[in-house]
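Shown next: work.tsv, given as TSV, C-alpha atoms.
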```
chain	number	residue	atom	x	y	z
A	1	MET	CA	88.67	-38.62	20.42
A	2	VAL	CA	86.79	-41.68	19.19
A	3	GLU	CA	84.72	-40.96	16.10
A	4	ILE	CA	81.11	-42.16	16.09
A	5	THR	CA	79.76	-43.14	12.68
A	6	LEU	CA	76.23	-42.57	11.42
A	7	VAL	CA	75.44	-46.27	11.70
A	8	GLN	CA	76.63	-46.33	15.31
A	9	SER	CA	74.53	-43.25	16.07
A	10	ILE	CA	71.45	-44.96	14.65
A	11	LEU	CA	72.17	-48.13	16.65
A	12	ILE	CA	72.60	-46.11	19.85
A	13	GLY	CA	69.31	-44.36	19.08
A	14	LEU	CA	67.54	-47.69	18.60
A	15	TRP	CA	69.07	-49.07	21.79
A	16	THR	CA	67.97	-46.00	23.75
A	17	ALA	CA	64.47	-46.27	22.28
A	18	PHE	CA	64.18	-49.91	23.33
A	19	CYS	CA	65.49	-49.25	26.85
A	20	TYR	CA	63.36	-46.14	27.36
A	21	ALA	CA	60.16	-47.79	26.15
A	22	GLY	CA	61.01	-50.92	28.10
A	23	MET	CA	60.45	-48.97	31.30
A	24	LEU	CA	56.71	-49.02	30.50
A	25	TRP	CA	56.81	-52.76	29.82
A	26	GLY	CA	58.22	-53.40	33.28
A	27	ILE	CA	61.45	-55.04	32.12
A	28	TYR	CA	63.79	-52.54	33.86
A	29	THR	CA	65.83	-51.69	30.77
A	30	ASN	CA	65.97	-47.98	31.62
A	31	ARG	CA	68.84	-48.54	34.04
A	32	CYS	CA	72.33	-47.07	33.92
A	33	ILE	CA	74.09	-50.42	33.69
A	34	VAL	CA	71.84	-51.68	30.86
A	35	LEU	CA	72.03	-48.44	28.88
A	36	SER	CA	75.80	-48.23	29.29
A	37	PHE	CA	76.35	-51.84	28.31
A	38	GLY	CA	74.55	-51.34	25.00
A	39	VAL	CA	76.63	-48.26	24.22
A	40	GLY	CA	79.81	-50.16	25.07
A	41	VAL	CA	78.89	-53.01	22.73
A	42	ILE	CA	78.11	-50.63	19.87
A	43	LEU	CA	81.27	-48.55	20.33
A	44	GLY	CA	83.50	-51.50	21.18
A	45	ASP	CA	84.53	-50.40	24.68
A	46	ILE	CA	82.61	-52.56	27.13
A	47	PRO	CA	84.95	-52.10	30.18
A	48	THR	CA	84.60	-48.31	30.20
A	49	ALA	CA	80.86	-48.60	29.62
A	50	LEU	CA	80.43	-50.99	32.54
A	51	GLN	CA	82.43	-48.65	34.78
A	52	CYS	CA	80.08	-45.79	33.89
A	53	GLY	CA	77.04	-48.00	34.42
A	54	ALA	CA	78.22	-49.31	37.78
A	55	ILE	CA	79.02	-45.82	39.08
A	56	GLY	CA	75.65	-44.57	37.85
A	57	GLU	CA	73.78	-47.48	39.45
A	58	LEU	CA	75.38	-46.87	42.84
A	59	ALA	CA	74.55	-43.16	42.70
A	60	PHE	CA	71.00	-43.72	41.46
A	61	MET	CA	70.29	-46.10	44.33
A	62	GLY	CA	69.66	-42.98	46.39
A	63	PHE	CA	68.87	-39.86	44.37
A	64	GLY	CA	67.43	-41.90	41.51
A	65	VAL	CA	64.43	-42.76	43.67
A	66	GLY	CA	61.71	-40.13	44.03
A	67	ALA	CA	60.91	-39.34	47.65
A	68	GLY	CA	57.36	-38.15	48.17
A	69	GLY	CA	56.30	-36.04	45.22
A	70	THR	CA	59.79	-35.39	43.87
A	71	VAL	CA	60.80	-36.59	40.41
A	72	PRO	CA	64.25	-38.26	40.17
A	73	PRO	CA	66.70	-37.66	37.30
A	74	ASN	CA	66.52	-40.01	34.32
A	75	PRO	CA	69.19	-42.74	33.95
A	76	ILE	CA	69.56	-41.94	30.24
A	77	GLY	CA	71.76	-39.02	31.31
A	78	PRO	CA	74.64	-41.04	32.78
A	79	GLY	CA	73.71	-44.26	30.98
A	80	ILE	CA	73.88	-42.86	27.43
A	81	ILE	CA	75.33	-39.34	27.47
A	82	GLY	CA	77.81	-39.97	30.28
A	83	THR	CA	79.01	-43.23	28.73
A	84	LEU	CA	79.39	-41.60	25.33
A	85	MET	CA	81.54	-38.87	26.84
A	86	ALA	CA	83.69	-41.31	28.83
A	87	ILE	CA	84.35	-43.47	25.77
A	88	THR	CA	84.89	-40.77	23.17
A	89	MET	CA	86.70	-38.08	25.23
A	90	SER	CA	90.10	-38.75	26.73
A	91	SER	CA	89.70	-35.94	29.27
A	92	VAL	CA	86.50	-37.41	30.74
A	93	THR	CA	86.73	-40.34	33.15
A	94	PRO	CA	83.81	-42.54	34.22
A	95	GLU	CA	83.84	-40.71	37.55
A	96	SER	CA	83.66	-37.22	36.00
A	97	ALA	CA	81.13	-38.36	33.36
A	98	LEU	CA	78.51	-38.89	36.08
A	99	PRO	CA	78.28	-35.30	37.42
A	100	ILE	CA	78.67	-33.85	33.90
A	101	SER	CA	75.70	-35.88	32.67
A	102	ILE	CA	73.39	-35.07	35.59
A	103	PRO	CA	72.00	-31.87	33.90
A	104	PHE	CA	71.03	-34.04	30.92
A	105	ALA	CA	69.36	-36.50	33.28
A	106	VAL	CA	67.28	-33.72	34.84
A	107	ALA	CA	66.32	-32.27	31.44
A	108	ILE	CA	65.29	-35.71	30.12
A	109	GLN	CA	63.08	-36.18	33.17
A	110	PHE	CA	61.26	-32.95	32.28
A	111	LEU	CA	60.66	-34.44	28.83
A	112	GLN	CA	59.27	-37.60	30.40
A	113	THR	CA	56.95	-35.57	32.61
A	114	ALA	CA	55.72	-33.72	29.51
A	115	ILE	CA	54.90	-37.02	27.79
A	116	TYR	CA	52.97	-38.21	30.82
A	117	THR	CA	51.10	-34.89	30.91
A	118	VAL	CA	50.13	-35.12	27.23
A	119	ARG	CA	48.94	-38.69	27.69
A	120	ALA	CA	47.09	-38.08	30.97
A	121	GLY	CA	43.70	-38.70	29.35
A	122	ALA	CA	44.74	-41.88	27.54
A	123	PRO	CA	42.92	-44.37	29.85
A	124	GLU	CA	39.61	-42.56	29.46
A	125	SER	CA	40.05	-42.25	25.68
A	126	ALA	CA	40.90	-45.93	25.37
A	127	ALA	CA	37.91	-46.97	27.48
A	128	HIS	CA	35.61	-44.70	25.46
A	129	ALA	CA	36.89	-46.19	22.18
A	130	LEU	CA	36.41	-49.70	23.54
A	131	GLU	CA	32.82	-48.94	24.49
A	132	LYS	CA	32.15	-47.84	20.91
A	133	LYS	CA	33.93	-50.95	19.60
A	134	GLN	CA	36.51	-48.79	17.82
A	135	PHE	CA	39.28	-51.34	18.23
A	136	GLY	CA	41.75	-49.58	15.94
A	137	LYS	CA	41.47	-46.36	17.92
A	138	PHE	CA	41.70	-48.36	21.14
A	139	LEU	CA	45.00	-49.92	20.05
A	140	ARG	CA	46.44	-46.60	18.94
A	141	THR	CA	45.40	-44.88	22.15
A	142	SER	CA	46.70	-47.71	24.34
A	143	ASN	CA	50.10	-47.90	22.64
A	144	MET	CA	50.71	-44.22	21.91
A	145	THR	CA	52.56	-43.61	25.19
A	146	VAL	CA	54.99	-46.44	24.44
A	147	ILE	CA	55.44	-45.12	20.90
A	148	LEU	CA	56.19	-41.62	22.18
A	149	PHE	CA	58.74	-43.00	24.63
A	150	ALA	CA	60.41	-44.98	21.85
A	151	VAL	CA	60.50	-41.98	19.49
A	152	CYS	CA	61.90	-39.67	22.16
A	153	GLY	CA	64.40	-42.32	23.23
A	154	PHE	CA	65.65	-42.71	19.67
A	155	ALA	CA	65.97	-38.93	19.29
A	156	LEU	CA	67.90	-38.65	22.57
A	157	GLY	CA	70.29	-41.49	21.76
A	158	PHE	CA	70.83	-40.53	18.13
A	159	LEU	CA	71.30	-36.81	18.75
A	160	GLY	CA	73.54	-37.50	21.76
A	161	ALA	CA	75.84	-39.73	19.69
A	162	PHE	CA	75.69	-37.69	16.49
A	163	SER	CA	76.46	-34.39	18.24
A	164	MET	CA	79.25	-35.78	20.41
A	165	GLU	CA	81.86	-33.80	18.48
A	166	THR	CA	80.13	-30.53	19.38
A	167	LEU	CA	79.73	-31.65	22.97
A	168	SER	CA	83.42	-32.56	23.15
A	169	LYS	CA	84.35	-29.01	22.16
A	170	LEU	CA	82.22	-27.70	25.01
A	171	VAL	CA	83.85	-30.13	27.45
A	172	GLU	CA	87.30	-29.03	26.28
A	173	MET	CA	86.39	-25.53	27.42
A	174	ILE	CA	86.06	-26.79	31.00
A	175	PRO	CA	89.27	-26.10	32.99
A	176	SER	CA	91.29	-29.10	34.06
A	177	TRP	CA	90.94	-28.21	37.74
A	178	LEU	CA	87.15	-28.31	37.39
A	179	LEU	CA	87.27	-31.67	35.62
A	180	ASN	CA	89.43	-33.01	38.44
A	181	GLY	CA	86.90	-31.69	40.92
A	182	LEU	CA	84.08	-33.35	39.00
A	183	SER	CA	86.00	-36.62	39.09
A	184	VAL	CA	86.22	-36.36	42.89
A	185	ALA	CA	82.53	-35.46	43.09
A	186	GLY	CA	81.68	-38.36	40.79
A	187	GLY	CA	83.52	-40.71	43.12
A	188	MET	CA	81.54	-39.38	46.08
A	189	LEU	CA	78.09	-39.51	44.45
A	190	PRO	CA	77.81	-43.33	44.65
A	191	ALA	CA	78.60	-43.18	48.37
A	192	ILE	CA	76.01	-40.44	48.84
A	193	GLY	CA	73.42	-42.40	46.88
A	194	PHE	CA	74.10	-45.54	48.90
A	195	ALA	CA	73.87	-43.57	52.15
A	196	MET	CA	70.55	-42.06	51.08
A	197	ILE	CA	68.99	-45.43	50.34
A	198	MET	CA	70.36	-46.85	53.62
A	199	SER	CA	68.84	-43.98	55.61
A	200	VAL	CA	65.42	-45.00	54.28
A	201	MET	CA	65.64	-48.79	54.20
A	202	LEU	CA	68.09	-49.71	56.97
A	203	LYS	CA	66.40	-50.75	60.21
A	204	LYS	CA	68.21	-50.51	63.50
A	205	GLU	CA	68.28	-54.30	63.93
A	206	PHE	CA	70.16	-54.61	60.62
A	207	ILE	CA	72.83	-52.01	61.40
A	208	PRO	CA	75.28	-54.66	62.72
A	209	PHE	CA	75.15	-56.45	59.37
A	210	ALA	CA	75.88	-53.19	57.50
A	211	LEU	CA	78.86	-52.60	59.78
A	212	LEU	CA	79.99	-56.19	59.20
A	213	GLY	CA	79.97	-55.59	55.43
A	214	TYR	CA	82.04	-52.44	55.90
A	215	ILE	CA	84.54	-54.27	58.12
A	216	CYS	CA	84.87	-57.11	55.58
A	217	ALA	CA	85.57	-54.64	52.78
A	218	ALA	CA	87.78	-52.14	54.63
A	219	TYR	CA	89.86	-54.37	56.92
A	220	PHE	CA	89.78	-57.81	55.32
A	221	SER	CA	89.81	-56.61	51.68
A	222	MET	CA	87.08	-59.11	50.88
A	223	PRO	CA	85.74	-58.90	47.30
A	224	ILE	CA	82.13	-57.93	46.63
A	225	ILE	CA	81.10	-61.50	45.82
A	226	GLY	CA	82.51	-62.66	49.14
A	227	ILE	CA	80.63	-59.96	51.05
A	228	ALA	CA	77.45	-60.89	49.19
A	229	LEU	CA	77.91	-64.54	50.19
A	230	VAL	CA	78.41	-63.57	53.84
A	231	GLY	CA	75.25	-61.49	53.62
A	232	ALA	CA	73.39	-64.41	52.05
A	233	VAL	CA	74.35	-66.63	55.01
A	234	PHE	CA	72.89	-64.18	57.51
A	235	ALA	CA	69.83	-63.59	55.29
A	236	ILE	CA	69.07	-67.33	55.16
A	237	LYS	CA	69.57	-67.60	58.92
A	238	HIS	CA	67.21	-64.66	59.53
A	239	TYR	CA	64.63	-66.13	57.14
A	240	ASN	CA	64.67	-69.52	58.87
A	241	GLU	CA	64.34	-67.95	62.31
A	242	SER	CA	61.44	-65.77	61.13
A	243	SER	CA	59.70	-68.78	59.57
A	244	ASN	CA	60.07	-70.83	62.74
A	245	ALA	CA	58.75	-67.97	64.85
A	246	ALA	CA	55.74	-67.59	62.55
A	247	VAL	CA	54.97	-71.32	62.73
A	248	ALA	CA	55.25	-71.29	66.51
A	249	ALA	CA	52.96	-68.25	66.76
A	250	ALA	CA	50.36	-69.88	64.50
A	251	ALA	CA	50.40	-73.10	66.53
A	252	GLY	CA	49.54	-71.22	69.72
A	253	PRO	CA	50.61	-72.07	73.26
A	254	GLN	CA	51.68	-75.66	73.74
A	255	GLU	CA	50.53	-77.73	76.71
A	256	VAL	CA	53.24	-79.20	78.87
A	257	GLU	CA	52.79	-82.96	79.48
A	258	HIS	CA	53.54	-84.34	82.93
A	259	ASP	CA	53.88	-87.90	84.14
A	260	ASP	CA	51.00	-89.14	86.28
A	261	TRP	CA	53.20	-89.77	89.33
A	262	ILE	CA	54.32	-86.14	89.57
```
Will you turn the file into structure tokens for me?
Amino acid sequence: MVEITLVQSILIGLWTAFCYAGMLWGIYTNRCIVLSFGVGVILGDIPTALQCGAIGELAFMGFGVGAGGTVPPNPIGPGIIGTLMAITMSSVTPESALPISIPFAVAIQFLQTAIYTVRAGAPESAAHALEKKQFGKFLRTSNMTVILFAVCGFALGFLGAFSMETLSKLVEMIPSWLLNGLSVAGGMLPAIGFAMIMSVMLKKEFIPFALLGYICAAYFSMPIIGIALVGAVFAIKHYNESSNAAVAAAAGPQEVEHDDWI
């Protein structure tokens, strides 16, 4: 097992705080791949961290998006906790780290909902303070949600890293057959997540292109970059055809010129 020092725990806490609060700034730092990469840099195992982040991103493409009024799990679960387990525990693979960390992701989302609930009246309080020209109170009220996210993010990252030894003892109690099953489930979750997002976003006219990507990967062993380039070619072609059709529709019906002798 890889030992995590106090300094590394603090750095992971600060990284989690920045990524968690960055979600409110609109910079998309609260993503599995970003969270995992920071943990990998701090612990010195970037390849394993990127594996965890990539697997988490594929899975969260589907069940990481709230449908209707549902609340999705939080990426801090697989991004921080799952990556910590995969790096520090020899019995946990990046595939098995994803399903093991999902309960943490759900619990963290409850914490996020609680913060939003506590700060539900913040806009009215800030507007009221601004009307009274209480600028100090206005700044505190406006920034308190970000501060709470940063504090909670630091606590989650620091406690997750600092208590990894205790968590490893709990993981060691899991039978090997169950860990193997979780590894299989972790390998299936990205496919399920991708299928869920396709069921929502994929239109029937784009199904041939999805099948083409599958054929390129399964039968021609084309790398991901190559498949992306093939998709870019068809995307540019579709964009040009749509633009030409829009220009033609805006121009209206064209008159056909005839020679005078006809």
**Asked** Quick one: of A:Met85, A:Ala210, A:Leu6, A:Ala235, who's nearest to A:Thr166, counting only C-alpha atoms?
**Response**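 That would be A:Met85, the residue with the smallest distance to A:Thr166.
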**Message:** Quick one: residues within 10 Å of A:Ile108, only C-alpha atoms, excluding same-chain residues fewer than 5 positions away - as a list of chain:residue names?
**Reply:** A:Pro73, A:Asn74, A:Pro75, A:Ile76, A:Gly77, A:Ile102, A:Pro103, A:Thr113, A:Ala114, A:Cys152, A:Gly153, A:Leu156
Can you spit out the residues from that selection as a CSV table (one decimal), in the frame of the given file, using C-alpha atoms?
```csv
chain,number,residue,atom,x,y,z
A,73,PRO,CA,66.7,-37.7,37.3
A,74,ASN,CA,66.5,-40.0,34.3
A,75,PRO,CA,69.2,-42.7,34.0
A,76,ILE,CA,69.6,-41.9,30.2
A,77,GLY,CA,71.8,-39.0,31.3
A,102,ILE,CA,73.4,-35.1,35.6
A,103,PRO,CA,72.0,-31.9,33.9
A,113,THR,CA,57.0,-35.6,32.6
A,114,ALA,CA,55.7,-33.7,29.5
A,152,CYS,CA,61.9,-39.7,22.2
A,153,GLY,CA,64.4,-42.3,23.2
A,156,LEU,CA,67.9,-38.6,22.6
```
**Asked** Could you pull the residues within 12 Å of A:Ala232, counting only C-alpha atoms, minus those fewer than 6 positions along the same chain, as a ChimeraX atom specification?
**Response** /A:209,213,225-226,238-239
**Asked** Which neighbours of A:Gly157 fall inside 10 Å, counting all atoms listed in the file, when residues of the same chain fewer than 3 positions from it are skipped, and could you give them as JSON, numbers by chain?
**Response** {"A": [9, 10, 11, 12, 13, 14, 15, 16, 17, 39, 76, 77, 80, 81, 84, 152, 153, 154, 160, 161, 162]}
Non-local contacts of A:Met144 (12 Å; all atoms listed in the file; under 6 positions in same chain excluded) as a PDB file with C-alpha atoms, keeping the file's coordinate frame:
```pdb
ATOM      1  CA  ALA A  21      60.160 -47.790  26.150  1.00  0.00           C
ATOM      2  CA  LEU A  24      56.710 -49.020  30.500  1.00  0.00           C
ATOM      3  CA  ILE A 115      54.900 -37.020  27.790  1.00  0.00           C
ATOM      4  CA  TYR A 116      52.970 -38.210  30.820  1.00  0.00           C
ATOM      5  CA  VAL A 118      50.130 -35.120  27.230  1.00  0.00           C
ATOM      6  CA  ARG A 119      48.940 -38.690  27.690  1.00  0.00           C
ATOM      7  CA  ALA A 120      47.090 -38.080  30.970  1.00  0.00           C
ATOM      8  CA  GLY A 121      43.700 -38.700  29.350  1.00  0.00           C
ATOM      9  CA  ALA A 122      44.740 -41.880  27.540  1.00  0.00           C
ATOM     10  CA  PRO A 123      42.920 -44.370  29.850  1.00  0.00           C
ATOM     11  CA  SER A 125      40.050 -42.250  25.680  1.00  0.00           C
ATOM     12  CA  ALA A 126      40.900 -45.930  25.370  1.00  0.00           C
ATOM     13  CA  LYS A 137      41.470 -46.360  17.920  1.00  0.00           C
ATOM     14  CA  PHE A 138      41.700 -48.360  21.140  1.00  0.00           C
ATOM     15  CA  ALA A 150      60.410 -44.980  21.850  1.00  0.00           C
ATOM     16  CA  VAL A 151      60.500 -41.980  19.490  1.00  0.00           C
TER      17      VAL A 151
END
```
Applying 10 Å and only C-alpha atoms, which residues near A:Met198 remain after dropping the ones on its own chain fewer than 3 positions away? List them as a short mmCIF file (atom, residue, chain, number, x, y, z; two decimals) with C-alpha atoms, keeping the file's coordinate frame.
```
data_model
loop_
_atom_site.label_atom_id
_atom_site.label_comp_id
_atom_site.auth_asym_id
_atom_site.auth_seq_id
_atom_site.Cartn_x
_atom_site.Cartn_y
_atom_site.Cartn_z
CA MET A 61 70.29 -46.10 44.33
CA GLY A 62 69.66 -42.98 46.39
CA ILE A 192 76.01 -40.44 48.84
CA GLY A 193 73.42 -42.40 46.88
CA PHE A 194 74.10 -45.54 48.90
CA ALA A 195 73.87 -43.57 52.15
CA MET A 201 65.64 -48.79 54.20
CA LEU A 202 68.09 -49.71 56.97
CA LYS A 203 66.40 -50.75 60.21
CA ILE A 207 72.83 -52.01 61.40
CA ALA A 210 75.88 -53.19 57.50
#
```
**Fill in**
Between atom CA of A:Pro223 and atom CA of A:Ala86 lies a distance of 25.6 Å
**Nearest-residue call for A:Trp25, choices A:Phe220, A:Tyr214, A:Phe158, A:Phe149, using all atoms listed in the file** =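 Closest to A:Trp25, using all atoms listed in the file: A:Phe149.
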**Prompt:** At a cut-off of 12 Å from (79.4, -36.5, 37.4) in the coordinates of the file, what residues are picked up using only C-alpha atoms, written as a ChimeraX atom specification?
**Reply:** /A:52,55-56,59-60,77-79,81-83,85-86,92-105,178-190
**Message:** As an exercise, work out the distance from atom CA of A:Val34 to atom CA of A:Leu148 in Å and give it to one decimal place.
**Reply:**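 Computing the Euclidean distance for atom CA of A:Val34 and atom CA of A:Leu148 yields 20.5 Å.
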**Prompt:** So how many Å separate atom CA of A:Leu50 and atom CA of A:Cys19, to one decimal?
**Reply:**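 Atom CA of A:Cys19 lies 16.1 Å from atom CA of A:Leu50.
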